[in-house]
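Shown here: work.cif, mmCIF, C-alpha atoms.
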data_run
loop_
_atom_site.group_PDB
_atom_site.id
_atom_site.type_symbol
_atom_site.label_atom_id
_atom_site.label_comp_id
_atom_site.auth_asym_id
_atom_site.auth_seq_id
_atom_site.Cartn_x
_atom_site.Cartn_y
_atom_site.Cartn_z
ATOM 1 C CA GLY A 1 173.298 -31.415 -65.041
ATOM 2 C CA ARG A 2 173.547 -33.385 -68.272
ATOM 3 C CA PHE A 3 176.319 -35.614 -66.957
ATOM 4 C CA GLU A 4 174.202 -36.645 -63.963
ATOM 5 C CA VAL A 5 171.307 -37.419 -66.322
ATOM 6 C CA HIS A 6 173.639 -39.594 -68.412
ATOM 7 C CA LEU A 7 174.799 -41.525 -65.332
ATOM 8 C CA HIS A 8 171.224 -41.962 -64.157
ATOM 9 C CA ASN A 9 170.098 -43.360 -67.506
ATOM 10 C CA ASP A 10 173.163 -45.582 -67.868
ATOM 11 C CA PHE A 11 172.651 -47.151 -64.459
ATOM 12 C CA TRP A 12 169.058 -48.194 -65.102
ATOM 13 C CA GLN A 13 169.480 -49.135 -68.752
ATOM 14 C CA SER A 14 172.255 -51.634 -68.087
ATOM 15 C CA ALA A 15 171.678 -54.271 -65.420
ATOM 16 C CA SER A 16 175.439 -54.949 -65.257
ATOM 17 C CA THR A 17 176.388 -51.363 -64.371
ATOM 18 C CA TRP A 18 178.116 -51.183 -60.978
ATOM 19 C CA SER A 19 180.545 -48.696 -59.494
ATOM 20 C CA PHE A 20 182.205 -48.803 -56.077
ATOM 21 C CA SER A 21 182.470 -45.012 -55.987
ATOM 22 C CA GLY A 22 178.805 -44.748 -56.983
ATOM 23 C CA ALA A 23 177.807 -47.162 -54.229
ATOM 24 C CA HIS A 24 179.812 -45.191 -51.662
ATOM 25 C CA ALA A 25 178.382 -41.849 -52.819
ATOM 26 C CA THR A 26 174.841 -43.202 -52.619
ATOM 27 C CA VAL A 27 175.329 -44.395 -49.045
ATOM 28 C CA LEU A 28 176.785 -41.032 -48.037
ATOM 29 C CA ALA A 29 173.777 -39.306 -49.589
ATOM 30 C CA TRP A 30 171.387 -41.679 -47.771
ATOM 31 C CA GLN A 31 173.113 -41.028 -44.442
ATOM 32 C CA GLY A 32 172.926 -37.273 -44.868
ATOM 33 C CA GLU A 33 169.444 -36.986 -46.353
ATOM 34 C CA LYS A 34 166.803 -35.534 -44.007
ATOM 35 C CA LYS A 35 163.728 -35.757 -46.213
ATOM 36 C CA LYS A 36 161.922 -39.055 -45.722
ATOM 37 C CA THR A 37 160.849 -39.503 -49.345
ATOM 38 C CA LYS A 38 164.334 -38.920 -50.759
ATOM 39 C CA ARG A 39 165.850 -41.135 -48.071
ATOM 40 C CA LYS A 40 163.536 -43.995 -49.091
ATOM 41 C CA THR A 41 164.468 -43.469 -52.740
ATOM 42 C CA LEU A 42 168.174 -43.634 -51.915
ATOM 43 C CA ALA A 43 167.556 -46.755 -49.831
ATOM 44 C CA LYS A 44 166.104 -48.442 -52.908
ATOM 45 C CA LEU A 45 169.177 -47.505 -54.912
ATOM 46 C CA ILE A 46 171.431 -48.963 -52.204
ATOM 47 C CA ALA A 47 169.414 -52.186 -52.351
ATOM 48 C CA GLU A 48 169.855 -52.266 -56.138
ATOM 49 C CA TYR A 49 173.620 -51.782 -55.818
ATOM 50 C CA GLU A 50 173.697 -54.679 -53.350
ATOM 51 C CA ARG A 51 171.555 -56.922 -55.576
ATOM 52 C CA ARG A 52 173.767 -56.220 -58.567
ATOM 53 C CA TRP A 53 176.961 -56.919 -56.633
ATOM 54 C CA LEU A 54 175.654 -60.324 -55.555
ATOM 55 C CA ALA A 55 174.985 -61.092 -59.226
ATOM 56 C CA ILE A 56 178.278 -59.669 -60.540
ATOM 57 C CA ALA A 57 180.711 -60.989 -57.900
ATOM 58 C CA PRO A 58 180.764 -64.629 -59.121
ATOM 59 C CA THR A 59 181.684 -63.488 -62.649
ATOM 60 C CA LEU A 60 184.673 -61.524 -61.320
ATOM 61 C CA ASN A 61 186.221 -64.517 -59.555
ATOM 62 C CA ALA A 62 186.184 -62.370 -56.426
ATOM 63 C CA THR A 63 187.486 -65.206 -54.237
ATOM 64 C CA GLU A 64 190.766 -65.280 -56.163
ATOM 65 C CA SER A 65 191.417 -61.915 -57.843
ATOM 66 C CA TYR A 66 192.506 -58.514 -56.473
ATOM 67 C CA THR A 67 189.263 -56.863 -55.339
ATOM 68 C CA CYS A 68 190.259 -53.927 -53.148
ATOM 69 C CA GLY A 69 188.390 -51.527 -55.447
ATOM 70 C CA PRO A 70 184.973 -53.211 -55.301
ATOM 71 C CA MET A 71 185.311 -53.895 -51.568
ATOM 72 C CA GLN A 72 185.349 -50.150 -50.927
ATOM 73 C CA GLY A 73 181.806 -50.010 -52.248
ATOM 74 C CA VAL A 74 180.633 -53.228 -50.594
ATOM 75 C CA ALA A 75 181.802 -52.015 -47.177
ATOM 76 C CA SER A 76 179.872 -48.787 -47.668
ATOM 77 C CA LEU A 77 176.681 -50.576 -48.751
ATOM 78 C CA LEU A 78 176.694 -52.558 -45.518
ATOM 79 C CA LEU A 79 176.341 -49.380 -43.469
ATOM 80 C CA LYS A 80 172.642 -49.665 -44.306
ATOM 81 C CA PRO A 81 171.089 -52.770 -42.668
ATOM 82 C CA SER A 82 169.455 -55.286 -44.977
ATOM 83 C CA SER A 83 168.195 -58.856 -44.993
ATOM 84 C CA ASN A 84 171.461 -59.913 -46.671
ATOM 85 C CA ALA A 85 173.654 -58.232 -44.068
ATOM 86 C CA ALA A 86 175.022 -61.356 -42.345
ATOM 87 C CA SER A 87 176.105 -63.095 -45.542
ATOM 88 C CA MET A 88 177.376 -59.853 -47.067
ATOM 89 C CA VAL A 89 179.531 -59.060 -44.021
ATOM 90 C CA GLN A 90 180.994 -62.562 -44.139
ATOM 91 C CA HIS A 91 181.658 -62.154 -47.851
ATOM 92 C CA LEU A 92 183.350 -58.783 -47.244
ATOM 93 C CA LEU A 93 185.593 -60.064 -44.455
ATOM 94 C CA THR A 94 186.614 -63.169 -46.386
ATOM 95 C CA THR A 95 187.361 -61.192 -49.537
ATOM 96 C CA VAL A 96 189.335 -58.441 -47.793
ATOM 97 C CA GLU A 97 191.340 -61.065 -45.907
ATOM 98 C CA LYS A 98 192.106 -62.741 -49.242
ATOM 99 C CA ASP A 99 193.334 -59.440 -50.689
ATOM 100 C CA VAL A 100 195.753 -59.031 -47.785
ATOM 101 C CA ASP A 101 196.937 -62.647 -47.863
ATOM 102 C CA ARG A 102 197.453 -62.812 -51.627
ATOM 103 C CA TYR A 103 198.345 -59.288 -52.716
ATOM 104 C CA GLN A 104 200.126 -57.497 -49.868
ATOM 105 C CA VAL A 105 203.903 -57.440 -50.180
ATOM 106 C CA THR A 106 205.715 -58.426 -46.965
ATOM 107 C CA PHE A 107 209.063 -60.164 -46.530
ATOM 108 C CA ASP A 108 212.070 -60.590 -44.271
ATOM 109 C CA ASP A 109 215.265 -62.636 -44.357
ATOM 110 C CA HIS A 110 213.396 -65.930 -44.002
ATOM 111 C CA THR A 111 209.833 -65.576 -45.316
ATOM 112 C CA ALA A 112 207.956 -63.763 -48.051
ATOM 113 C CA SER A 113 204.260 -63.265 -48.767
ATOM 114 C CA ILE A 114 202.662 -64.648 -51.932
ATOM 115 C CA ALA A 115 202.819 -61.211 -53.547
ATOM 116 C CA ALA A 116 206.463 -60.735 -52.540
ATOM 117 C CA THR A 117 207.458 -63.989 -54.236
ATOM 118 C CA ARG A 118 206.091 -62.584 -57.505
ATOM 119 C CA LEU A 119 208.784 -59.892 -57.330
ATOM 120 C CA SER A 120 212.335 -60.791 -58.174
ATOM 121 C CA GLU A 121 214.880 -60.977 -55.390
ATOM 122 C CA SER A 122 216.840 -58.183 -57.053
ATOM 123 C CA ILE A 123 213.811 -55.904 -56.860
ATOM 124 C CA ARG A 124 213.254 -56.741 -53.193
ATOM 125 C CA LEU A 125 216.899 -56.034 -52.424
ATOM 126 C CA LYS A 126 216.948 -52.812 -54.432
ATOM 127 C CA PHE A 127 213.807 -51.243 -52.919
ATOM 128 C CA GLY A 128 213.831 -53.015 -49.542
ATOM 129 C CA ASP A 129 211.547 -51.544 -46.880
ATOM 130 C CA ALA A 130 209.941 -49.190 -49.414
ATOM 131 C CA LEU A 131 207.992 -52.214 -50.694
ATOM 132 C CA GLN A 132 206.798 -53.421 -47.304
ATOM 133 C CA GLY A 133 203.015 -53.261 -47.002
ATOM 134 C CA SER A 134 202.419 -52.366 -50.640
ATOM 135 C CA PHE A 135 199.956 -54.277 -52.815
ATOM 136 C CA LEU A 136 200.553 -55.951 -56.184
ATOM 137 C CA ARG A 137 197.500 -56.630 -58.353
ATOM 138 C CA ASP A 138 196.832 -60.082 -59.784
ATOM 139 C CA ASP A 139 198.553 -61.120 -63.002
ATOM 140 C CA GLN A 140 195.378 -60.988 -65.091
ATOM 141 C CA GLN A 141 194.700 -57.351 -64.177
ATOM 142 C CA LEU A 142 198.334 -56.392 -64.736
ATOM 143 C CA ALA A 143 198.283 -58.044 -68.158
ATOM 144 C CA ALA A 144 195.081 -56.200 -69.065
ATOM 145 C CA GLU A 145 196.786 -52.916 -68.149
ATOM 146 C CA LYS A 146 199.962 -53.957 -70.020
ATOM 147 C CA ARG A 147 202.231 -53.407 -67.052
ATOM 148 C CA TYR A 148 204.035 -55.304 -64.312
ATOM 149 C CA SER A 149 204.528 -52.696 -61.642
ATOM 150 C CA LEU A 150 203.506 -51.446 -58.224
ATOM 151 C CA ARG A 151 201.391 -48.296 -58.368
ATOM 152 C CA ILE A 152 200.254 -45.922 -55.673
ATOM 153 C CA ASP A 153 196.587 -46.585 -56.445
ATOM 154 C CA ASP A 154 197.110 -50.351 -56.026
ATOM 155 C CA VAL A 155 198.026 -49.603 -52.427
ATOM 156 C CA SER A 156 195.563 -46.792 -51.738
ATOM 157 C CA GLN A 157 192.558 -48.804 -52.902
ATOM 158 C CA CYS A 158 193.391 -51.569 -50.440
ATOM 159 C CA VAL A 159 194.028 -49.095 -47.627
ATOM 160 C CA VAL A 160 190.629 -47.480 -48.241
ATOM 161 C CA ALA A 161 188.902 -50.883 -48.430
ATOM 162 C CA LEU A 162 190.498 -51.989 -45.153
ATOM 163 C CA THR A 163 189.676 -48.683 -43.454
ATOM 164 C CA ARG A 164 186.014 -48.829 -44.477
ATOM 165 C CA THR A 165 185.802 -52.468 -43.379
ATOM 166 C CA LEU A 166 187.174 -51.630 -39.933
ATOM 167 C CA GLU A 167 184.817 -48.654 -39.658
ATOM 168 C CA LEU A 168 181.920 -50.945 -40.569
ATOM 169 C CA LEU A 169 182.904 -53.445 -37.888
ATOM 170 C CA ASP A 170 182.935 -50.638 -35.327
ATOM 171 C CA THR A 171 179.294 -49.887 -36.176
ATOM 172 C CA LEU A 172 178.275 -53.554 -35.960
ATOM 173 C CA VAL A 173 179.709 -54.490 -32.581
ATOM 174 C CA GLY A 174 176.922 -54.755 -30.014
ATOM 175 C CA VAL A 175 174.287 -53.228 -32.294
ATOM 176 C CA GLU A 176 170.946 -54.874 -33.022
ATOM 177 C CA VAL A 177 169.213 -53.529 -36.119
ATOM 178 C CA ASP A 178 165.779 -53.840 -37.703
ATOM 179 C CA THR A 179 166.366 -54.911 -41.307
ATOM 180 C CA GLN A 180 162.779 -53.989 -42.234
ATOM 181 C CA SER A 181 163.162 -50.268 -41.726
ATOM 182 C CA GLU A 182 160.819 -47.685 -43.130
ATOM 183 C CA ASP A 183 163.498 -46.735 -45.652
ATOM 184 C CA ASP A 184 162.766 -49.924 -47.591
ATOM 185 C CA GLU A 185 159.425 -48.519 -48.701
ATOM 186 C CA GLY A 186 158.554 -45.788 -51.156
ATOM 187 C CA SER A 187 159.124 -44.725 -54.740
ATOM 188 C CA ASN A 188 161.387 -46.464 -57.219
ATOM 189 C CA ASP A 189 162.539 -43.122 -58.613
ATOM 190 C CA VAL A 190 166.252 -42.522 -58.141
ATOM 191 C CA PRO A 191 167.840 -39.054 -57.970
ATOM 192 C CA GLU A 192 169.991 -38.500 -61.023
ATOM 193 C CA THR A 193 172.859 -37.102 -58.968
ATOM 194 C CA TYR A 194 173.559 -40.404 -57.241
ATOM 195 C CA ALA A 195 173.418 -42.883 -60.114
ATOM 196 C CA ALA A 196 176.830 -44.063 -61.339
ATOM 197 C CA SER A 197 178.613 -45.343 -64.408
ATOM 198 C CA ALA A 198 179.881 -48.889 -64.864
ATOM 199 C CA LEU A 199 183.558 -48.059 -64.534
ATOM 200 C CA ASP A 200 185.607 -46.056 -62.027
ATOM 201 C CA SER A 201 188.338 -44.384 -64.077
ATOM 202 C CA THR A 202 191.535 -43.063 -62.530
ATOM 203 C CA GLU A 203 194.811 -41.592 -63.722
ATOM 204 C CA PRO A 204 197.102 -42.969 -61.010
ATOM 205 C CA THR A 205 200.669 -42.072 -60.273
ATOM 206 C CA LYS A 206 202.804 -44.945 -61.506
ATOM 207 C CA ALA A 207 206.029 -46.301 -60.034
ATOM 208 C CA GLU A 208 207.476 -48.838 -62.454
ATOM 209 C CA LEU A 209 209.723 -51.557 -61.087
#
Could you quickly redo this structure as C-alpha cells?
Amino acid sequence: GRFEVHLHNDFWQSASTWSFSGAHATVLAWQGEKKKTKRKTLAKLIAEYERRWLAIAPTLNATESYTCGPMQGVASLLLKPSSNAASMVQHLLTTVEKDVDRYQVTFDDHTASIAATRLSESIRLKFGDALQGSFLRDDQQLAAEKRYSLRIDDVSQCVVALTRTLELLDTLVGVEVDTQSEDDEGSNDVPETYAASALDSTEPTKAEL
C-alpha cells in the first residue's frame, strides 16, 4: 500500500532512520521467509539496521540513558548471525544491565535502587509494593515529554527488551554459526512492507505520580 511505500522511501532516503519495531519486524520476516531471493534481500536490510545502530548509538548516549526501547530491536537483530555478533551481544548485555541497574525501581526498609531514590519517600510510602520492579525513564527523556511519572509503557518496553535478550541467549548457548551465510549475498532491493519510519509512536496508558 501507499503507507508501506512511504516507509520504504523514508528508510533509504534518510541514513539516520532507525526503528526498533521495524528492526524486529524485519527479522521476523527474514525468519519466516521461504524464498531464497527474498530472504537474501531481508538479510541485507537486517545488516543495514545493524550498521545504522552502530552509527546512531554513540549519539544517543546509550551507556547512560534509558534504552529499553532500542534494545528490543537490537536483541532481535542479533538473531541473525553476523561478523559483528560478538561485540553486538556484549553491547546488548551491558546496555540492558545498565537499564536494570539505573532505571528499575526497587527498595526495602534499608536500601533503594538509583531509580527509587529519584522518587520521594512519600511516593514510595503511598504506593509501596505497587512500584516494585517498575522502570522510571531518565530525567532528560521525562523533561522532553514534559512529565515526571511512571507509565505502563516505561515498564513494558524494559520487560520486552529483557525477554528478547534472554531468548537470544537461549539461542546462543552451545551454538556455532557461520557468519558468512548465503543470506549475505543477493540484491540490494528491499521489500516495501518491511522498511520502517524513524520513530516508534505510541499512545501509552499513563499513571501520574
Next on the checklist: The residues within 7 Å of (176.3, -50.0, -55.0), using all atoms listed in the file and the coordinates of the file, should be reported as a ChimeraX atom specification; which are they?
Outcome noted: /A:18-20,22-24,46,48-50,73-74,77
Checklist entry - What is the distance between CA of Trp53 in chain A and CA of Ala86 in chain A, in Å to one decimal? => result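 Value for the CA of Trp53 in chain A-CA of Ala86 in chain A distance: 15.1 Å.
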To test your reading of the syntax: which residues would the PyMOL selection byres ((chain A and resi 99-114) around 7) return for the file shown? Reply as a PDB file with C-alpha atoms, in the coordinates of the input.
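Output file part01.pdb is given in full below:
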ATOM      1  CA  TYR A  66     192.506 -58.514 -56.473  1.00  0.00           C
ATOM      2  CA  THR A  67     189.263 -56.863 -55.339  1.00  0.00           C
ATOM      3  CA  CYS A  68     190.259 -53.927 -53.148  1.00  0.00           C
ATOM      4  CA  THR A  95     187.361 -61.192 -49.537  1.00  0.00           C
ATOM      5  CA  VAL A  96     189.335 -58.441 -47.793  1.00  0.00           C
ATOM      6  CA  GLU A  97     191.340 -61.065 -45.907  1.00  0.00           C
ATOM      7  CA  LYS A  98     192.106 -62.741 -49.242  1.00  0.00           C
ATOM      8  CA  ALA A 115     202.819 -61.211 -53.547  1.00  0.00           C
ATOM      9  CA  ALA A 116     206.463 -60.735 -52.540  1.00  0.00           C
ATOM     10  CA  THR A 117     207.458 -63.989 -54.236  1.00  0.00           C
ATOM     11  CA  ARG A 118     206.091 -62.584 -57.505  1.00  0.00           C
ATOM     12  CA  LEU A 131     207.992 -52.214 -50.694  1.00  0.00           C
ATOM     13  CA  GLN A 132     206.798 -53.421 -47.304  1.00  0.00           C
ATOM     14  CA  GLY A 133     203.015 -53.261 -47.002  1.00  0.00           C
ATOM     15  CA  SER A 134     202.419 -52.366 -50.640  1.00  0.00           C
ATOM     16  CA  PHE A 135     199.956 -54.277 -52.815  1.00  0.00           C
ATOM     17  CA  LEU A 136     200.553 -55.951 -56.184  1.00  0.00           C
ATOM     18  CA  ARG A 137     197.500 -56.630 -58.353  1.00  0.00           C
TER      19      ARG A 137
END
Checklist entry - Expressed in Å to a single decimal, how great is the separation between CA of Asp170 in chain A and CA of Asn84 in chain A? => result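 Those two atoms sit 18.6 Å apart.
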Next on the checklist: I'd like the residues picked by the PyMOL selection byres ((chain A and resi 161) around 9) written out as a ChimeraX atom specification, using the chain letters and numbers from the file.
Outcome noted: /A:68-75,96,156-160,162-166
Checklist entry - Quick one, how far is CA of Thr26 in chain A from CA of Leu79 in chain A? => result 11.1 Å
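Proximity to Ala85 in chain A was assessed for A:Trp12, A:Asn61, A:Leu54, A:Ala29 counting only C-alpha atoms; the smallest distance is recorded for A:Leu54.
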Item to check | Residues selected by the PyMOL selection byres ((chain A and resi 15) around 10), written as number ranges by chain | outcome: A: 10-14, 16-18, 48, 52, 55-56, 198
Item to check | From A:Thr63, A:Ser21, A:Asn9, A:Ser82, residue lying nearest Lys44 in chain A [only C-alpha atoms] | outcome: A:Ser82
